[in-house]
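Below you'll find the structure, written out as structure tokens, and then a few comments.
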Amino acid sequence: MTPGKIYMDNCVTSPLDPEVLQAMLPYFSEKFWMPGTFISTGETTNNALDEFRQIIAKTLNADPAELHFTSGGTVANNIAIKGLANAHAASGKHAIVSLVDYPDLLTNAAWLEKQGFEVSYLEPDEQGVVSAEKLAAAIRPDTTLFLTTIVNHVVGTIQPMAEYKKVLENAGHKIYWHADAGQAYGKMHLDVKDLGVDSLSVSAHKIHGPQGIGALFVKKGTRMAQLIHGVSRIGSVQPGGVSIALIAGFAKAAEINFADLDATISQLRGLSDYLLERLEAEIPEIELNGPRHEGRISHNINISIAYIEGEAITMMLDMKGITVATGSACASQGLKPSYVLMAMGKNHVQSHGSMKFTLSRYNTREEIDTAVKALAEITAQLRERSPLYQATHSQEK
Amino acid sequence: MQYSQKVLDHFMNPHNVGKMENPDAVATEGSPACGDQVTIYLKIDEGSKKIDDISFLSYGCASNIATASIITDLAKGKTLDEAKNITWQDAMEALDGLPPVKVHCSVLAADTLQTAISNYEIEHGLKDVPNFGKETILEELKKIIYPQVGEDIVTLKMVKYVGFDNGEVLIDLNIMSFDEWRDNVAEEIREHLSKYPEVKNIQINFP
């Protein structure tokens, strides 16, 4: 068995595109220089950086000056949230997040509370949607921060960004808005001018770029307190040395993914639709978690399989070289069920039996056929051993 | 820590798995809400009191299935008195160990076996229905594993006080508020004790 031969956990990280590796190599070896001025080595890197920044800024319709490289999405989220909070706490210490946000946002919300902020946690509906009405109701005169995860990392629900924008515009005072676009980037159209956010984080390794590099969009004129201090080489929110090779890889990955974004999206959508269709045809008594088609990101399918537990399923799939994820408490470090599914009103059993597939352009229909066939066999085998299944199905035999 | 090869073998090809028709004793422990449930069936020779056959069903993770499998191996062919001495530590040992966070899974299977034996003995007039009291609570607390180190909370001296009065259970635990496992432990205590009809209310206090 080859580990991860059929890899369907791309929301965590995705395989590097071979072209991306080629694009990075020269910058690890002969063109390794730090950016600088007046000498050819530094200028060469400067010019390359300008080009890479333009490529990536274009994917978000940002101005290149608004794009800052960071060493990943989590660093970008921390710089933005803590930077905005520190800069604007004097205008009010109330922040709004949702119960289903990405852990980066929720752990930062906990930090905000320690800094004396009050935090409102918005509840999602049963599809994982956090409505604009809930946001409107939570806004207070001292609200200074609103944090959003554009696409939910567990069930792929797309949040109503346009409606949020209207609510925030009508709030009567400025509320700084930071968005995590980790799962959205490269899988749907994102235009920062249109979205209206003040800051937005993305990361390269979710779109077949290298691990360890991300970017933070900061809208021109947005005051953000500096969180990390050090030598400023490229005027970034994250000072210190830059990895020109990783940035080169990021740019190449973006170039490939965004060359025809509609085609990328429709390929992923086609694969996800096919996966769901096969799952529903082959495995009885499963349910889709999150919205169907509309309102769901193109690469995510999350189902709950009744009567059996997710850690056992993922391990059996793993032994066949198939990598997927589960929301089961038994598979988590803290022995807790998925907080996203629980907030959506699912019960423990639905969370324990949940399976998350996140696809990439490298997945094929043949792989999906193989994975679904394996999952159907495993499900039947585990159900045969399950007291819950036996209790409800023994009369039928 | 990863699973041992023994755990993987028993998980992938469990022994004695499946529902038993006309068992002499049966017990189910755990609950779907807590993520694991085990049922054990026994066929017992009335004369020799030997476990002639044993099988299990499991709703749970890999370690849950593997420990249920090994427990049935350990119990098969033993007399009831011999089988009463099988502990979760025996199951752990026979599996070449479990990751600390998974030790609690081995307790459930061992527990289910003991309940099945007890059910048989009560049904056949071999013992009385035990009186519920402080001792019962203490026995249950010995089955609660602190996930970080994989040992029970009594051995780890985390239980400071146990009281039982008129259906009210009172437990003082020496687990700090910043301990990430505090809620897990409390939840598991409630799960273990709430199955007793004598228990009307459970109060757990922390420092």
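As shown in the structure tokens, the chain order sets the letters A, B, ...; within each chain, residues go from 1, and ligands are also counted from 1 in the order they appear.
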
What residues in chain B lie within 9 Å of chain A, counting only C-alpha atoms, written as a PyMOL selection string?
chain B and resi 11-12+17-19+28+32-39+56-63+65+101-102+147+180-181+184

Could you write out, as a ChimeraX atom specification, all the residues of range 4-93 of chain B that DSSP marks as alpha helix (DSSP H)?
/B:5-12,62-75,80-83,88-93

Skipping near chain neighbours, those fewer than 4 positions away, what residues fall within 10 Å of range 240-253 of chain A using only C-alpha atoms, listed as a ChimeraX atom specification?
/A:16-29,31-35,45-46,48-49,51-57,59,69-71,186,203-215,228-236,257-259

I need the residue nearest Asp179 in chain B from this list: B:Val159, B:Asn166, B:Tyr146, B:Gln2. Use only C-alpha atoms for the distance.
B:Tyr146

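CA of Asp101 in chain A lies 6.6 Å from CA of Thr148 in chain A.
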
Thr67 in chain B environment, 7 Å, only C-alpha atoms, sequence neighbours closer than 4 positions dropped, as a tab-separated table (two decimals) with N, CA and C atoms, in the first residue's frame:
```tsv
chain	number	residue	atom	x	y	z
B	63	SER	N	-9.36	1.02	18.13
B	63	SER	CA	-8.92	0.43	19.39
B	63	SER	C	-10.10	-0.23	20.11
B	71	ILE	N	-10.39	-9.23	24.09
B	71	ILE	CA	-11.08	-9.63	25.32
B	71	ILE	C	-11.83	-10.95	25.11
B	91	ALA	N	-6.05	-6.72	28.59
B	91	ALA	CA	-6.34	-6.50	27.17
B	91	ALA	C	-5.25	-5.63	26.53
B	106	SER	N	-10.20	0.47	25.88
B	106	SER	CA	-10.01	-0.91	26.34
B	106	SER	C	-10.84	-1.18	27.58
B	109	ALA	N	-14.58	-2.55	26.73
B	109	ALA	CA	-14.73	-3.96	26.37
B	109	ALA	C	-14.61	-4.85	27.62
```

Give me, as JSON, numbers by chain, all polymer residues having an atom no more than 7 Å from Gly156 in chain A, counting only C-alpha atoms and skipping those fewer than 6 positions away in the same chain.
{"A": [296, 297, 300]}

Output file for the selection above: N, CA and C atoms, as a PDB file, in the first residue's frame:
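The new file again-v1.pdb reads:
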```
ATOM      1  N   ARG A 296     -22.309  25.730  -1.890  1.00  0.00           N
ATOM      2  CA  ARG A 296     -21.249  24.865  -1.388  1.00  0.00           C
ATOM      3  C   ARG A 296     -20.024  25.015  -2.285  1.00  0.00           C
ATOM      4  N   ILE A 297     -18.845  25.023  -1.691  1.00  0.00           N
ATOM      5  CA  ILE A 297     -17.623  25.202  -2.480  1.00  0.00           C
ATOM      6  C   ILE A 297     -17.419  23.989  -3.382  1.00  0.00           C
ATOM      7  N   ASN A 300     -15.654  20.264  -2.011  1.00  0.00           N
ATOM      8  CA  ASN A 300     -15.918  19.621  -0.704  1.00  0.00           C
ATOM      9  C   ASN A 300     -17.190  18.771  -0.718  1.00  0.00           C
TER      10      ASN A 300
END
```

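Closest approach to Lys43 in chain B among B:Ile117, B:Asp152, B:His15, B:His104: B:Ile117, based on only C-alpha atoms.
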
Tell me, which residues of range 116-295 of chain A carry DSSP strand (DSSP E or B), written as an MDAnalysis selection string?
chainID A and resid 118:122 143:149 151 157:158 176:180 185 188 199:203 214:218 286:288

Glu367 in chain A environment, 12 Å, only C-alpha atoms, sequence neighbours closer than 6 positions dropped, as a ChimeraX atom specification
/A:4-8,271,274-275,278,320-323,359-361,373-374

What does the file look like for those residues with all heavy atoms, as a CSV table (one decimal), in the first residue's frame?
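result.csv was written with the following content:
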```csv
chain,number,residue,atom,x,y,z
A,4,GLY,N,-1.5,7.5,0.9
A,4,GLY,CA,-2.1,8.6,0.2
A,4,GLY,C,-2.1,8.5,-1.4
A,4,GLY,O,-2.0,9.5,-2.1
A,5,LYS,N,-2.1,7.2,-1.8
A,5,LYS,CA,-2.1,7.0,-3.3
A,5,LYS,C,-3.3,7.7,-3.9
A,5,LYS,O,-3.3,8.3,-5.0
A,5,LYS,CB,-2.2,5.5,-3.6
A,5,LYS,CG,-1.8,5.1,-5.0
A,5,LYS,CD,-1.8,3.6,-5.2
A,5,LYS,CE,-3.1,3.0,-4.9
A,5,LYS,NZ,-3.2,1.6,-5.0
A,6,ILE,N,-4.5,7.5,-3.3
A,6,ILE,CA,-5.7,8.3,-3.7
A,6,ILE,C,-5.9,9.3,-2.6
A,6,ILE,O,-6.4,9.0,-1.5
A,6,ILE,CB,-6.9,7.4,-3.8
A,6,ILE,CG1,-6.6,6.4,-5.0
A,6,ILE,CG2,-8.2,8.2,-4.1
A,6,ILE,CD1,-7.8,5.4,-5.3
A,7,TYR,N,-5.6,10.6,-2.9
A,7,TYR,CA,-5.5,11.6,-1.8
A,7,TYR,C,-6.8,12.5,-2.0
A,7,TYR,O,-6.9,13.2,-3.0
A,7,TYR,CB,-4.2,12.4,-2.0
A,7,TYR,CG,-4.1,13.5,-0.9
A,7,TYR,CD1,-3.6,13.1,0.4
A,7,TYR,CD2,-4.4,14.8,-1.1
A,7,TYR,CE1,-3.5,14.1,1.4
A,7,TYR,CE2,-4.2,15.8,-0.2
A,7,TYR,CZ,-3.8,15.4,1.1
A,7,TYR,OH,-3.7,16.3,2.1
A,8,MET,N,-7.6,12.5,-0.9
A,8,MET,CA,-8.8,13.3,-1.0
A,8,MET,C,-9.0,14.1,0.3
A,8,MET,O,-10.0,14.2,0.9
A,8,MET,CB,-10.1,12.4,-1.2
A,8,MET,CG,-10.0,11.7,-2.5
A,8,MET,SD,-11.5,10.6,-2.8
A,8,MET,CE,-11.3,10.2,-4.5
A,271,LEU,N,-16.2,16.8,-10.4
A,271,LEU,CA,-15.7,15.7,-9.6
A,271,LEU,C,-16.5,15.5,-8.4
A,271,LEU,O,-16.9,14.4,-8.0
A,271,LEU,CB,-14.2,15.9,-9.3
A,271,LEU,CG,-13.2,15.7,-10.4
A,271,LEU,CD1,-11.8,16.2,-10.0
A,271,LEU,CD2,-13.1,14.3,-10.9
A,274,TYR,N,-20.0,14.1,-9.0
A,274,TYR,CA,-19.8,12.7,-9.4
A,274,TYR,C,-19.6,11.9,-8.1
A,274,TYR,O,-20.3,10.8,-7.9
A,274,TYR,CB,-18.7,12.5,-10.4
A,274,TYR,CG,-18.5,11.0,-10.8
A,274,TYR,CD1,-19.5,10.4,-11.5
A,274,TYR,CD2,-17.4,10.3,-10.4
A,274,TYR,CE1,-19.4,9.0,-11.9
A,274,TYR,CE2,-17.3,8.9,-10.8
A,274,TYR,CZ,-18.3,8.3,-11.5
A,274,TYR,OH,-18.1,7.0,-11.9
A,275,LEU,N,-18.8,12.4,-7.2
A,275,LEU,CA,-18.5,11.7,-6.0
A,275,LEU,C,-19.8,11.5,-5.1
A,275,LEU,O,-20.1,10.4,-4.7
A,275,LEU,CB,-17.4,12.4,-5.1
A,275,LEU,CG,-17.2,12.0,-3.7
A,275,LEU,CD1,-16.7,10.5,-3.7
A,275,LEU,CD2,-16.2,12.9,-3.0
A,278,ARG,N,-22.1,9.0,-6.7
A,278,ARG,CA,-21.7,7.6,-6.5
A,278,ARG,C,-21.9,7.2,-5.1
A,278,ARG,O,-22.4,6.1,-4.8
A,278,ARG,CB,-20.2,7.4,-6.8
A,278,ARG,CG,-19.8,7.7,-8.3
A,278,ARG,CD,-20.6,6.9,-9.3
A,278,ARG,NE,-20.6,5.5,-9.0
A,278,ARG,CZ,-21.7,4.7,-9.2
A,278,ARG,NH1,-22.8,5.2,-9.7
A,278,ARG,NH2,-21.7,3.4,-8.9
A,320,LYS,N,-6.0,1.0,2.4
A,320,LYS,CA,-6.1,0.8,1.0
A,320,LYS,C,-5.5,2.0,0.2
A,320,LYS,O,-5.7,2.1,-1.0
A,320,LYS,CB,-7.6,0.6,0.6
A,320,LYS,CG,-8.2,-0.6,1.1
A,320,LYS,CD,-9.7,-0.6,0.9
A,320,LYS,CE,-10.4,-1.8,1.6
A,320,LYS,NZ,-10.4,-3.0,0.8
A,321,GLY,N,-4.8,2.8,0.9
A,321,GLY,CA,-4.1,3.9,0.2
A,321,GLY,C,-5.0,5.1,-0.1
A,321,GLY,O,-4.6,6.0,-0.9
A,322,ILE,N,-6.1,5.2,0.6
A,322,ILE,CA,-7.1,6.3,0.3
A,322,ILE,C,-7.1,7.2,1.5
A,322,ILE,O,-7.4,6.8,2.7
A,322,ILE,CB,-8.5,5.7,0.0
A,322,ILE,CG1,-8.4,4.7,-1.2
A,322,ILE,CG2,-9.5,6.8,-0.2
A,322,ILE,CD1,-9.7,3.8,-1.3
A,323,THR,N,-6.8,8.5,1.3
A,323,THR,CA,-6.8,9.5,2.4
A,323,THR,C,-8.0,10.4,2.4
A,323,THR,O,-8.2,11.1,1.4
A,323,THR,CB,-5.5,10.3,2.3
A,323,THR,OG1,-4.4,9.5,2.2
A,323,THR,CG2,-5.4,11.2,3.5
A,359,LEU,N,-11.5,17.4,-2.8
A,359,LEU,CA,-10.9,17.0,-4.1
A,359,LEU,C,-10.0,18.0,-4.7
A,359,LEU,O,-10.0,19.2,-4.3
A,359,LEU,CB,-12.0,16.6,-5.1
A,359,LEU,CG,-13.0,15.6,-4.5
A,359,LEU,CD1,-14.1,15.4,-5.5
A,359,LEU,CD2,-12.3,14.3,-4.2
A,360,SER,N,-9.1,17.6,-5.6
A,360,SER,CA,-8.3,18.5,-6.3
A,360,SER,C,-8.3,18.2,-7.8
A,360,SER,O,-8.9,17.1,-8.2
A,360,SER,CB,-6.8,18.5,-5.8
A,360,SER,OG,-6.1,17.4,-6.4
A,361,ARG,N,-7.6,19.0,-8.6
A,361,ARG,CA,-7.6,18.7,-10.1
A,361,ARG,C,-6.9,17.4,-10.4
A,361,ARG,O,-7.0,16.9,-11.5
A,361,ARG,CB,-7.0,19.9,-10.8
A,361,ARG,CG,-5.6,20.2,-10.5
A,361,ARG,CD,-5.0,21.2,-11.5
A,361,ARG,NE,-3.7,21.5,-11.3
A,361,ARG,CZ,-3.3,22.6,-10.6
A,361,ARG,NH1,-4.1,23.4,-10.1
A,361,ARG,NH2,-2.0,22.8,-10.4
A,373,LYS,N,-16.1,2.4,-3.9
A,373,LYS,CA,-16.3,1.0,-3.8
A,373,LYS,C,-15.7,0.5,-2.5
A,373,LYS,O,-16.3,-0.3,-1.8
A,373,LYS,CB,-15.6,0.3,-5.0
A,373,LYS,CG,-15.7,-1.2,-5.1
A,373,LYS,CD,-15.3,-1.7,-6.5
A,373,LYS,CE,-15.2,-3.2,-6.5
A,373,LYS,NZ,-14.0,-3.8,-5.9
A,374,ALA,N,-14.5,1.0,-2.2
A,374,ALA,CA,-13.8,0.6,-1.0
A,374,ALA,C,-14.6,1.1,0.2
A,374,ALA,O,-14.8,0.3,1.2
A,374,ALA,CB,-12.4,1.3,-0.9
```

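Residue neighbourhood of Ile171 in chain B, excluding near-sequence residues (fewer than 4 positions): B:Tyr161, B:Val162, B:Ile204, at 6 Å, using only C-alpha atoms.
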
File dump, residues just selected, C-alpha atoms, as a PDB file, in the first residue's frame:
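What ended up in out-v3.pdb:
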```pdb
ATOM      1  CA  TYR B 161     -13.769  12.841  47.769  1.00  0.00           C
ATOM      2  CA  VAL B 162     -16.710  10.579  46.914  1.00  0.00           C
ATOM      3  CA  ILE B 204     -18.634  17.086  40.261  1.00  0.00           C
TER       4      ILE B 204
END
```

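The smallest atom-to-atom distance between Asn119 in chain B and any of B:Glu93, B:Leu80, B:Ser177, B:Ile144, using only C-alpha atoms, is found for B:Leu80.
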
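Rounded to one decimal, CA of Thr264 in chain A and CA of Ala76 in chain A lie 25.2 Å from each other.
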
Measuring between only C-alpha atoms, which one of B:Asn64, B:Gln203, B:Asn13, B:Ser118 shows the shortest distance to Leu98 in chain B?
B:Asn64

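In this comparison, which uses only C-alpha atoms, the residue of A:Ser98, A:Ile378, A:Thr358, A:Leu147 approaching Val12 in chain A most closely is A:Thr358.
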